[in-house]
Amino acid sequence: INQIGQPLDLYKLAIGRYPTTSEGLEALITAPAGVSDWNGPYWKNGAVPTDPWKNEYKYASPGQHGAYDIVSMGPDGKEGGDGPDRDITSWDQQ
């Protein structure tokens with residue numbers, strides 16, 4: 001999750017804001033419609049980043065916990081969970 005923060009910050013420097021929830025992390029790879037100052041790709045791996053279990057991250061901006069929220073559902077791929085199955089969040093990484 002922390003590795004996604006740097007390309008998000010580069011996007012914000014270029015565009016003046018983070019990608020919206022609807023634009024999602026895809027905006028780091030492909031210019032969203034109507035965004036004229038896009039100078040990416042900002043994520044260099046060629047595909048939207050996935051969590052270590054190959055699941056998509058949930059992304060929201062503005063977030064409820066900061067400028068953006070990123071959530072991995074953890075190894076079980078389900079919201080919530082305890083112990084090793086608990087969700088991993090951007091606001092717990094700071």
# chains A, B, ... in the order shown; residues from 1 in each chain; ligands from 1

$ select_by_dssp --residues "region 9-79 of chain A" --states "alpha helix (DSSP H)" --output "list in words"
Asp9, Leu10, Tyr11, Lys12, Leu13, Ala14 and Ile15 of chain A

$ select_by_dssp --residues "chain A" --states "strand (DSSP E or B)" --output "VMD selection string"
chain A and resid 50 56 58 to 60 69 to 72 88 to 89

$ atom_distance --atom1 "CA of Gly74 (chain A)" --atom2 "CA of Pro52 (chain A)"
8.4 Å

$ residues_around --residues "Ala31 (chain A)" --least-positions-apart "2" --cutoff "12 Å" --atoms "only C-alpha atoms" --output "list in words"
Tyr11, Ala14, Ile15, Pro19, Glu23, Gly24, Leu25, Glu26, Ala27, Leu28, Ile29, Ala33, Gly34, Val35, Ser36, Asp37, Trp38, Asn39, Gly40, Pro41, Tyr42 and Trp43 of chain A

$ write_last_selection --atoms "N, CA and C atoms" --output "compact mmCIF listing (two decimals), in the first residue's frame"
# COMPACT_ATOMS: atom_id res chain seq x y z
N TYR A 11 0.97 11.88 -9.39
CA TYR A 11 -0.25 12.21 -10.12
C TYR A 11 -0.80 13.54 -9.60
N ALA A 14 1.09 16.57 -10.80
CA ALA A 14 0.84 16.90 -12.21
C ALA A 14 -0.56 17.43 -12.45
N ILE A 15 -1.55 16.82 -11.81
CA ILE A 15 -2.96 17.11 -12.09
C ILE A 15 -3.54 18.12 -11.11
N PRO A 19 -6.51 10.95 -8.07
CA PRO A 19 -7.60 10.38 -8.88
C PRO A 19 -8.87 10.25 -8.04
N GLU A 23 -12.34 7.30 -11.07
CA GLU A 23 -11.16 7.13 -11.92
C GLU A 23 -10.30 5.96 -11.43
N GLY A 24 -10.23 5.82 -10.12
CA GLY A 24 -9.52 4.71 -9.51
C GLY A 24 -8.03 4.70 -9.78
N LEU A 25 -7.40 3.61 -9.38
CA LEU A 25 -5.96 3.46 -9.57
C LEU A 25 -5.60 3.31 -11.04
N GLU A 26 -6.57 3.01 -11.89
CA GLU A 26 -6.35 2.94 -13.34
C GLU A 26 -5.82 4.28 -13.86
N ALA A 27 -6.15 5.38 -13.17
CA ALA A 27 -5.69 6.71 -13.59
C ALA A 27 -4.17 6.83 -13.51
N LEU A 28 -3.52 5.95 -12.76
CA LEU A 28 -2.07 5.97 -12.69
C LEU A 28 -1.44 5.39 -13.95
N ILE A 29 -2.22 4.66 -14.73
CA ILE A 29 -1.71 3.97 -15.92
C ILE A 29 -2.24 4.59 -17.21
N ALA A 33 -10.60 10.41 -18.81
CA ALA A 33 -11.27 11.33 -19.73
C ALA A 33 -11.31 12.73 -19.11
N GLY A 34 -10.97 13.72 -19.90
CA GLY A 34 -11.06 15.10 -19.46
C GLY A 34 -9.88 15.60 -18.64
N VAL A 35 -8.88 14.77 -18.42
CA VAL A 35 -7.69 15.19 -17.66
C VAL A 35 -6.61 15.57 -18.67
N SER A 36 -6.34 16.87 -18.78
CA SER A 36 -5.44 17.34 -19.84
C SER A 36 -3.97 17.36 -19.44
N ASP A 37 -3.65 17.47 -18.17
CA ASP A 37 -2.25 17.58 -17.75
C ASP A 37 -1.62 16.24 -17.38
N TRP A 38 -2.29 15.14 -17.70
CA TRP A 38 -1.79 13.81 -17.37
C TRP A 38 -0.47 13.58 -18.11
N ASN A 39 0.56 13.14 -17.39
CA ASN A 39 1.87 12.93 -17.98
C ASN A 39 2.44 11.58 -17.56
N GLY A 40 1.57 10.58 -17.50
CA GLY A 40 1.96 9.27 -16.99
C GLY A 40 2.46 8.36 -18.07
N PRO A 41 2.57 7.10 -17.79
CA PRO A 41 2.00 6.47 -16.61
C PRO A 41 2.81 6.77 -15.34
N TYR A 42 2.09 6.87 -14.25
CA TYR A 42 2.70 7.12 -12.95
C TYR A 42 3.04 5.82 -12.23
N TRP A 43 2.32 4.77 -12.56
CA TRP A 43 2.62 3.42 -12.06
C TRP A 43 3.27 2.70 -13.23

$ closest_residue --among "A:Ser90, A:Thr30, A:Asn55, A:Thr21" --to "Gln3 (chain A)" --atoms "only C-alpha atoms"
A:Ser90
